[in-house]
Every structure is written in structure tokens, then in C-alpha cells.
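What follows is one structure encoded as C-alpha cells, with my remarks underneath.
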Amino acid sequence: LITSLSDTPYVCESVHLYLNQIFRHATAQRYIEYNPALVLTRPPRPGTGRRSLTADETEAALYVGKNHPDGIMLLLLYYLGVRRGEMLGLKWGDFDFRKRTVTISRDLDFKSKRADDPLKTPAAYRTIPLPDALLTALRPLKGLPDVFVLRGEESGSCLSESTYQRKWCRLMIAMYQHKKNIEAKRSDPKDPESPLRSILT
């Protein structure tokens with residue numbers, strides 16, 4: 001049974017958990033002498049598929065980050081190395097321009113629709129140095145301490161999921177238009193299977 005589920009490791013983990021509980025109960029009731037689920041080996045979880053940016057992708061991201069109206073999103077992700085929710089949860093009060101640092105202390109979760117969710121682990125609360133390039137981009141945009149850096153349509157509010165998705169799509173299109181060779185096989189707008197085709201048309 002476990003081998004037949006090797007292509008779906010997450011399902012496999014759940015099945016293994018249930019099997020272990022069943023056999024543990026059977027062992028406690030002395031229907032069987034030992035729990036055979038204890039020696040089962042589960043298939044490994046698949047990798048995330050993450051990779052580093054190519055040189056062309058990096059050049060496109062930095063160019064669009066500096067020249068696009070919503071480019072600050074790319075610059076925050078690139079220079080700070082934060083997660084999406086951490087980036088969206090940033091407020092101007094988190095930045096110390098004198099010390100040239102930013103404190104990561106909240107997470108914006110679209111699923112819970114909360115803008116002040118705590119971070120996943122204590123280690124996720126951290127202070128990050130601000131590179132010169134990011135400081136230069138942020139200074140003209142600086143707002144009041146309680147205002148989100150990436151604001152929604154309402155004054156000082158955080159971005160909604162639909163607004164974020166719309167802005168992100170525009171950034172990806174701008175990157176592709178600047179460097180059409182990035183991920184050319186998947187990003188060709190003439191390719192009917194391309195995710196960019198529906199956006200550009």
C-alpha cells in the first residue's frame with residue numbers, strides 16, 4: 001500500500017499515520033504481537049524546485065525594480081531575502097534609516113485575512129541590514145510609522161490579495177518584456193500553454 005502511494009508522498013504520510021495508529025491499537029489489545037507499521041519506510045517528499053536567479057533574471061528584476069511603479073516589491077524581495085508575507089507585512093516603522101536596518105516582525109496572510117499574523121518561529125523575528133541600493137529606493141517613499149510600505153487602496157491599509165496578484169503580474173510582464181529570453185520556453189506569449197499568454201492577451 002505504501003509503495004503504491006510513492007507518487008503522492010503527502011497522502012502516503014497520512015496513510016502511514018493511520019496504519020500506525022491501527023496497528024498500535026491492535027498491539028495494545030493483543031490481537032497482534034508487534035506493530036508492523038514501525039518499520040515502514042515512507043518515500044521522501046518532493047523538492048520545492050527552488051533555484052537561484054539566472055544572471056538575466058537578476059538583471060531584469062533589478063531594472064524593473066528601479067523603473068516600474070510597483071518595482072519596490074522586487075527590490076524588497078531581492079535585497080532582504082524575505083518571504084512574500086513578511087514583505088507585505090512591512091511598515092515604515094520597521095525601518096531604522098539611521099542604523100540602516102529593518103526589523104521583520106509580522107506576516108500578512110491572505111488565507112486568514114490578517115495583516116498582523118505572528119511569524120512562524122521565534123527565529124523568524126530578525127533584524128536585517130539595508131543595502132545602499134535599497135535605502136536609495138526607499139527614502140523618497142518613506143511614510144508614517146504605522147503605514148504599510150506596500151499600501152492598498154485605502155490610506156495606510158495593507159494590500160489585498162487581488163491587488164497584489166495584479167501588481168505581481170504586471171511586474172512579471174515587465175521583466176519578460178525587458179529580457180525576453182528569460183524562461184523563454186515557458187514564457188513565450190505565442191505558446192498556448194504559457195502562463196503569460198492569458199495575461200498579455
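The chains in the C-alpha cells are called A, B, ... from first to last as shown; in each chain the residues are counted from 1, and the ligands are counted from 1 in the order shown.
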
DSSP on the backbone, then: every residue of region 43-149 of chain A marked helix (DSSP H, G or I), written as number ranges by chain. A: 55-67, 72-80, 84-88, 92-94, 122-124, 132-141

Within 10 Å of Gly71 (chain A), counting only C-alpha atoms, which residues show up once you throw out same-chain ones fewer than 2 positions away? Write them as a VMD selection string, please. chain A and resid 61 to 69 73 to 76 137 167 to 168 170 to 171 174

Output all heavy atoms for every residue in the selection just made, as a compact mmCIF listing (two decimals), in the first residue's frame.
# COMPACT_ATOMS: atom_id res chain seq x y z
N ALA A 61 15.11 41.78 -13.00
CA ALA A 61 14.43 42.11 -11.74
C ALA A 61 14.91 43.44 -11.19
O ALA A 61 14.10 44.26 -10.73
CB ALA A 61 14.67 40.99 -10.72
N LEU A 62 16.21 43.70 -11.24
CA LEU A 62 16.74 44.95 -10.71
C LEU A 62 16.36 46.14 -11.59
O LEU A 62 16.05 47.22 -11.10
CB LEU A 62 18.26 44.86 -10.57
CG LEU A 62 18.76 43.87 -9.52
CD1 LEU A 62 20.28 43.84 -9.48
CD2 LEU A 62 18.21 44.22 -8.14
N TYR A 63 16.35 45.92 -12.91
CA TYR A 63 15.95 47.00 -13.81
C TYR A 63 14.49 47.38 -13.60
O TYR A 63 14.14 48.55 -13.45
CB TYR A 63 16.17 46.58 -15.27
CG TYR A 63 15.68 47.61 -16.27
CD1 TYR A 63 16.48 48.68 -16.65
CD2 TYR A 63 14.39 47.52 -16.80
CE1 TYR A 63 16.02 49.64 -17.54
CE2 TYR A 63 13.93 48.47 -17.70
CZ TYR A 63 14.74 49.53 -18.06
OH TYR A 63 14.27 50.48 -18.93
N VAL A 64 13.62 46.37 -13.56
CA VAL A 64 12.19 46.62 -13.35
C VAL A 64 11.96 47.17 -11.94
O VAL A 64 11.14 48.06 -11.74
CB VAL A 64 11.38 45.33 -13.58
CG1 VAL A 64 9.91 45.53 -13.20
CG2 VAL A 64 11.49 44.89 -15.05
N GLY A 65 12.72 46.67 -10.98
CA GLY A 65 12.59 47.17 -9.62
C GLY A 65 12.87 48.65 -9.50
O GLY A 65 12.23 49.36 -8.72
N LYS A 66 13.81 49.14 -10.28
CA LYS A 66 14.19 50.56 -10.23
C LYS A 66 13.29 51.45 -11.09
O LYS A 66 13.18 52.65 -10.83
CB LYS A 66 15.64 50.73 -10.68
CG LYS A 66 16.65 50.10 -9.74
CD LYS A 66 18.06 50.19 -10.32
CE LYS A 66 19.07 49.48 -9.44
NZ LYS A 66 20.43 49.49 -10.04
N ASN A 67 12.64 50.87 -12.11
CA ASN A 67 11.95 51.69 -13.10
C ASN A 67 10.43 51.51 -13.16
O ASN A 67 9.75 52.30 -13.79
CB ASN A 67 12.53 51.42 -14.49
CG ASN A 67 13.98 51.84 -14.59
OD1 ASN A 67 14.30 53.02 -14.71
ND2 ASN A 67 14.89 50.87 -14.54
N HIS A 68 9.92 50.49 -12.53
CA HIS A 68 8.47 50.22 -12.57
C HIS A 68 7.80 50.88 -11.37
O HIS A 68 8.39 50.94 -10.28
CB HIS A 68 8.22 48.71 -12.55
CG HIS A 68 6.83 48.31 -12.90
ND1 HIS A 68 5.79 48.33 -11.99
CD2 HIS A 68 6.30 47.87 -14.07
CE1 HIS A 68 4.69 47.91 -12.58
NE2 HIS A 68 4.96 47.64 -13.84
N PRO A 69 6.56 51.36 -11.52
CA PRO A 69 5.85 51.99 -10.39
C PRO A 69 5.71 51.09 -9.16
O PRO A 69 5.70 51.57 -8.03
CB PRO A 69 4.47 52.33 -10.98
CG PRO A 69 4.70 52.44 -12.44
CD PRO A 69 5.78 51.47 -12.77
N MET A 73 8.54 46.23 -4.78
CA MET A 73 8.27 44.86 -4.34
C MET A 73 9.44 43.95 -4.70
O MET A 73 9.89 43.14 -3.88
CB MET A 73 6.98 44.35 -4.98
CG MET A 73 5.73 45.02 -4.46
SD MET A 73 4.24 44.58 -5.40
CE MET A 73 4.20 42.82 -5.19
N LEU A 74 9.93 44.07 -5.92
CA LEU A 74 11.05 43.24 -6.35
C LEU A 74 12.31 43.56 -5.58
O LEU A 74 13.08 42.67 -5.20
CB LEU A 74 11.30 43.43 -7.85
CG LEU A 74 10.25 42.87 -8.81
CD1 LEU A 74 10.58 43.25 -10.25
CD2 LEU A 74 10.13 41.36 -8.67
N LEU A 75 12.53 44.85 -5.32
CA LEU A 75 13.75 45.26 -4.60
C LEU A 75 13.73 44.76 -3.16
O LEU A 75 14.76 44.33 -2.62
CB LEU A 75 13.89 46.78 -4.64
CG LEU A 75 14.06 47.40 -6.03
CD1 LEU A 75 14.24 48.91 -5.92
CD2 LEU A 75 15.23 46.77 -6.78
N LEU A 76 12.57 44.81 -2.51
CA LEU A 76 12.46 44.31 -1.13
C LEU A 76 12.75 42.81 -1.07
O LEU A 76 13.49 42.34 -0.20
CB LEU A 76 11.07 44.60 -0.57
CG LEU A 76 10.76 46.06 -0.23
CD1 LEU A 76 9.28 46.24 0.05
CD2 LEU A 76 11.59 46.53 0.96
N ALA A 137 16.30 53.57 -2.85
CA ALA A 137 14.96 53.41 -3.42
C ALA A 137 13.86 53.72 -2.40
O ALA A 137 12.79 54.21 -2.77
CB ALA A 137 14.81 51.99 -3.95
N LYS A 167 -0.60 43.47 -9.34
CA LYS A 167 0.68 44.15 -9.39
C LYS A 167 1.81 43.18 -9.74
O LYS A 167 2.72 43.51 -10.52
CB LYS A 167 0.97 44.83 -8.04
CG LYS A 167 0.10 46.04 -7.74
CD LYS A 167 0.40 46.59 -6.35
CE LYS A 167 -0.44 47.81 -6.03
NZ LYS A 167 -0.01 48.98 -6.82
N TRP A 168 1.76 41.97 -9.16
CA TRP A 168 2.81 40.98 -9.41
C TRP A 168 2.82 40.57 -10.88
O TRP A 168 3.89 40.43 -11.49
CB TRP A 168 2.63 39.77 -8.51
CG TRP A 168 3.76 38.79 -8.62
CD1 TRP A 168 3.76 37.60 -9.28
CD2 TRP A 168 5.07 38.94 -8.07
NE1 TRP A 168 4.99 37.00 -9.18
CE2 TRP A 168 5.81 37.80 -8.44
CE3 TRP A 168 5.69 39.94 -7.31
CZ2 TRP A 168 7.14 37.62 -8.07
CZ3 TRP A 168 7.02 39.76 -6.94
CH2 TRP A 168 7.73 38.61 -7.32
N ARG A 170 1.92 42.34 -13.42
CA ARG A 170 2.49 43.45 -14.19
C ARG A 170 4.01 43.47 -14.08
O ARG A 170 4.70 43.75 -15.06
CB ARG A 170 1.91 44.77 -13.68
CG ARG A 170 0.45 44.99 -14.05
CD ARG A 170 -0.10 46.22 -13.38
NE ARG A 170 -1.51 46.43 -13.70
CZ ARG A 170 -2.29 47.29 -13.07
NH1 ARG A 170 -1.80 48.04 -12.09
NH2 ARG A 170 -3.56 47.43 -13.41
N LEU A 171 4.53 43.16 -12.91
CA LEU A 171 5.98 43.12 -12.74
C LEU A 171 6.60 41.99 -13.56
O LEU A 171 7.66 42.17 -14.18
CB LEU A 171 6.33 42.93 -11.25
CG LEU A 171 6.07 44.13 -10.35
CD1 LEU A 171 6.23 43.73 -8.89
CD2 LEU A 171 7.03 45.27 -10.69
N ALA A 174 6.65 42.98 -17.15
CA ALA A 174 7.69 43.98 -17.38
C ALA A 174 9.07 43.31 -17.45
O ALA A 174 9.90 43.68 -18.28
CB ALA A 174 7.66 45.03 -16.28

Neighbouring residues of Phe148 (chain A) were defined as those with any atom within 8 Å, considering only C-alpha atoms; residues of the same chain fewer than 5 positions away were excluded. Please report them as a list of chain:residue names.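 Once the nearby chain positions are removed, what remains is A:Leu88, A:Gly89, A:Leu90, A:Lys91, A:Trp92, A:Gly156, A:Ser157, A:Cys158.
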
Using DSSP secondary structure from the backbone, list all strand (DSSP E or B) positions within region 4-199 of chain A, as JSON, numbers by chain. {"A": [91, 95, 96, 101, 102, 103, 104, 107, 108, 109, 114, 115, 116, 117, 126, 127, 128, 129, 148, 151, 158]}

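Interatomic distance, CA of Ser14 (chain A) to CA of Ala28 (chain A): 21.3 Å.
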
What's around Ser4 (chain A) at 12 Å? Count only C-alpha atoms, leave out sequence neighbours fewer than 4 positions away in its own chain, and write the answer as a PDB file with C-alpha atoms, in the first residue's frame.
ATOM      1  CA  THR A   8       1.898  11.097  -3.590  1.00  0.00           C
ATOM      2  CA  PRO A   9       4.151  11.397  -0.535  1.00  0.00           C
ATOM      3  CA  VAL A  11      -1.042  11.158   1.077  1.00  0.00           C
ATOM      4  CA  CYS A  12       1.481   8.479   1.941  1.00  0.00           C
ATOM      5  CA  VAL A  15      -1.858   6.679   5.379  1.00  0.00           C
ATOM      6  CA  ARG A  42       7.910   6.415   3.558  1.00  0.00           C
ATOM      7  CA  PRO A  43       9.003   7.919   0.234  1.00  0.00           C
TER       8      PRO A  43
END

Record the distance separating CA of Ala37 (chain A) and CA of Tyr10 (chain A), expressed in Å with one decimal.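 CA of Tyr10 (chain A) lies 16.7 Å from CA of Ala37 (chain A).
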
At what distance in Å, to one decimal, does CA of Tyr79 (chain A) lie from CA of Ala133 (chain A)?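 Between CA of Ala133 (chain A) and CA of Tyr79 (chain A) the gap works out to 8.5 Å.
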
Quick one: residues within 10 Å of Leu38 (chain A), only C-alpha atoms counted, chain neighbours fewer than 6 positions away excluded, as a PyMOL selection string? chain A and resi 16+19-20+23-24

Write a file of the just-selected residues containing all heavy atoms, as an mmCIF file, in the first residue's frame.
data_model
loop_
_atom_site.group_PDB
_atom_site.id
_atom_site.type_symbol
_atom_site.label_atom_id
_atom_site.label_comp_id
_atom_site.auth_asym_id
_atom_site.auth_seq_id
_atom_site.Cartn_x
_atom_site.Cartn_y
_atom_site.Cartn_z
ATOM 1 N N HIS A 16 0.320 6.339 6.373
ATOM 2 C CA HIS A 16 1.260 5.751 7.332
ATOM 3 C C HIS A 16 0.846 6.063 8.766
ATOM 4 O O HIS A 16 0.916 5.205 9.658
ATOM 5 C CB HIS A 16 2.674 6.272 7.064
ATOM 6 C CG HIS A 16 3.698 5.714 8.005
ATOM 7 N ND1 HIS A 16 4.020 6.325 9.193
ATOM 8 C CD2 HIS A 16 4.462 4.579 7.940
ATOM 9 C CE1 HIS A 16 4.942 5.617 9.820
ATOM 10 N NE2 HIS A 16 5.226 4.555 9.086
ATOM 11 N N LEU A 19 -2.201 3.877 9.618
ATOM 12 C CA LEU A 19 -1.783 2.485 9.782
ATOM 13 C C LEU A 19 -1.090 2.275 11.126
ATOM 14 O O LEU A 19 -1.335 1.290 11.827
ATOM 15 C CB LEU A 19 -0.840 2.078 8.636
ATOM 16 C CG LEU A 19 -1.478 1.826 7.269
ATOM 17 C CD1 LEU A 19 -0.397 1.568 6.227
ATOM 18 C CD2 LEU A 19 -2.441 0.647 7.329
ATOM 19 N N ASN A 20 -0.229 3.217 11.475
ATOM 20 C CA ASN A 20 0.488 3.100 12.739
ATOM 21 C C ASN A 20 -0.483 3.113 13.915
ATOM 22 O O ASN A 20 -0.326 2.348 14.887
ATOM 23 C CB ASN A 20 1.503 4.240 12.854
ATOM 24 C CG ASN A 20 2.438 4.067 14.044
ATOM 25 O OD1 ASN A 20 2.918 2.967 14.314
ATOM 26 N ND2 ASN A 20 2.680 5.142 14.756
ATOM 27 N N PHE A 23 -2.411 -0.338 13.975
ATOM 28 C CA PHE A 23 -1.596 -1.450 14.459
ATOM 29 C C PHE A 23 -1.169 -1.254 15.910
ATOM 30 O O PHE A 23 -1.002 -2.231 16.651
ATOM 31 C CB PHE A 23 -0.371 -1.640 13.550
ATOM 32 C CG PHE A 23 -0.703 -2.272 12.226
ATOM 33 C CD1 PHE A 23 -0.402 -1.635 11.041
ATOM 34 C CD2 PHE A 23 -1.309 -3.517 12.173
ATOM 35 C CE1 PHE A 23 -0.705 -2.216 9.823
ATOM 36 C CE2 PHE A 23 -1.615 -4.117 10.960
ATOM 37 C CZ PHE A 23 -1.320 -3.461 9.775
ATOM 38 N N ARG A 24 -0.990 -0.003 16.328
ATOM 39 C CA ARG A 24 -0.653 0.247 17.732
ATOM 40 C C ARG A 24 -1.811 -0.174 18.634
ATOM 41 O O ARG A 24 -1.609 -0.772 19.691
ATOM 42 C CB ARG A 24 -0.331 1.726 17.934
ATOM 43 C CG ARG A 24 0.197 2.046 19.330
ATOM 44 C CD ARG A 24 0.721 3.456 19.393
ATOM 45 N NE ARG A 24 -0.314 4.425 19.043
ATOM 46 C CZ ARG A 24 -0.082 5.726 18.921
ATOM 47 N NH1 ARG A 24 1.145 6.206 19.089
ATOM 48 N NH2 ARG A 24 -1.057 6.550 18.610
#

Exercise: Arg100 (chain A) partners within 12 Å, only C-alpha atoms, chain neighbours under 3 positions left out, as a ChimeraX atom specification: /A:94-97,103,127-136,138-139

Could you take the residues named above and write them with N, CA and C atoms, as a PDB file, in the first residue's frame?
ATOM      1  N   ASP A  94       9.097  49.806  10.852  1.00  0.00           N
ATOM      2  CA  ASP A  94      10.047  48.687  10.967  1.00  0.00           C
ATOM      3  C   ASP A  94      11.439  49.075  10.488  1.00  0.00           C
ATOM      4  N   PHE A  95      11.523  50.190   9.767  1.00  0.00           N
ATOM      5  CA  PHE A  95      12.801  50.619   9.196  1.00  0.00           C
ATOM      6  C   PHE A  95      13.478  51.638  10.092  1.00  0.00           C
ATOM      7  N   ASP A  96      14.758  51.436  10.308  1.00  0.00           N
ATOM      8  CA  ASP A  96      15.581  52.409  11.020  1.00  0.00           C
ATOM      9  C   ASP A  96      16.610  52.920  10.020  1.00  0.00           C
ATOM     10  N   PHE A  97      16.314  54.081   9.435  1.00  0.00           N
ATOM     11  CA  PHE A  97      17.185  54.607   8.391  1.00  0.00           C
ATOM     12  C   PHE A  97      18.511  55.095   8.946  1.00  0.00           C
ATOM     13  N   THR A 103      13.445  45.603  10.747  1.00  0.00           N
ATOM     14  CA  THR A 103      13.071  44.519  11.646  1.00  0.00           C
ATOM     15  C   THR A 103      11.867  43.775  11.071  1.00  0.00           C
ATOM     16  N   THR A 127      16.461  41.151  12.559  1.00  0.00           N
ATOM     17  CA  THR A 127      16.807  42.474  12.058  1.00  0.00           C
ATOM     18  C   THR A 127      17.813  42.304  10.921  1.00  0.00           C
ATOM     19  N   ILE A 128      17.517  42.949   9.793  1.00  0.00           N
ATOM     20  CA  ILE A 128      18.304  42.762   8.575  1.00  0.00           C
ATOM     21  C   ILE A 128      18.947  44.092   8.178  1.00  0.00           C
ATOM     22  N   PRO A 129      20.223  44.096   7.795  1.00  0.00           N
ATOM     23  CA  PRO A 129      20.860  45.333   7.322  1.00  0.00           C
ATOM     24  C   PRO A 129      20.295  45.760   5.973  1.00  0.00           C
ATOM     25  N   LEU A 130      20.221  47.048   5.749  1.00  0.00           N
ATOM     26  CA  LEU A 130      19.688  47.590   4.495  1.00  0.00           C
ATOM     27  C   LEU A 130      20.835  47.941   3.550  1.00  0.00           C
ATOM     28  N   PRO A 131      20.892  47.337   2.377  1.00  0.00           N
ATOM     29  CA  PRO A 131      21.919  47.693   1.396  1.00  0.00           C
ATOM     30  C   PRO A 131      21.699  49.122   0.873  1.00  0.00           C
ATOM     31  N   ASP A 132      22.758  49.732   0.390  1.00  0.00           N
ATOM     32  CA  ASP A 132      22.677  51.105  -0.107  1.00  0.00           C
ATOM     33  C   ASP A 132      21.636  51.260  -1.215  1.00  0.00           C
ATOM     34  N   ALA A 133      21.592  50.299  -2.140  1.00  0.00           N
ATOM     35  CA  ALA A 133      20.669  50.398  -3.268  1.00  0.00           C
ATOM     36  C   ALA A 133      19.219  50.414  -2.794  1.00  0.00           C
ATOM     37  N   LEU A 134      18.901  49.611  -1.789  1.00  0.00           N
ATOM     38  CA  LEU A 134      17.533  49.581  -1.275  1.00  0.00           C
ATOM     39  C   LEU A 134      17.221  50.853  -0.491  1.00  0.00           C
ATOM     40  N   LEU A 135      18.179  51.340   0.275  1.00  0.00           N
ATOM     41  CA  LEU A 135      17.990  52.596   1.008  1.00  0.00           C
ATOM     42  C   LEU A 135      17.678  53.742   0.044  1.00  0.00           C
ATOM     43  N   THR A 136      18.413  53.803  -1.039  1.00  0.00           N
ATOM     44  CA  THR A 136      18.203  54.860  -2.032  1.00  0.00           C
ATOM     45  C   THR A 136      16.798  54.794  -2.612  1.00  0.00           C
ATOM     46  N   LEU A 138      14.128  53.463  -1.115  1.00  0.00           N
ATOM     47  CA  LEU A 138      13.100  53.619  -0.086  1.00  0.00           C
ATOM     48  C   LEU A 138      12.939  55.052   0.409  1.00  0.00           C
ATOM     49  N   ARG A 139      14.018  55.800   0.469  1.00  0.00           N
ATOM     50  CA  ARG A 139      13.973  57.140   1.079  1.00  0.00           C
ATOM     51  C   ARG A 139      12.889  58.042   0.489  1.00  0.00           C
TER      52      ARG A 139
END

Given only C-alpha atoms as the counted atoms, nearest of A:Glu33, A:Glu13, A:Glu161, A:Glu57 to Gly85 (chain A):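 Smallest separation from Gly85 (chain A) among the options: A:Glu161.
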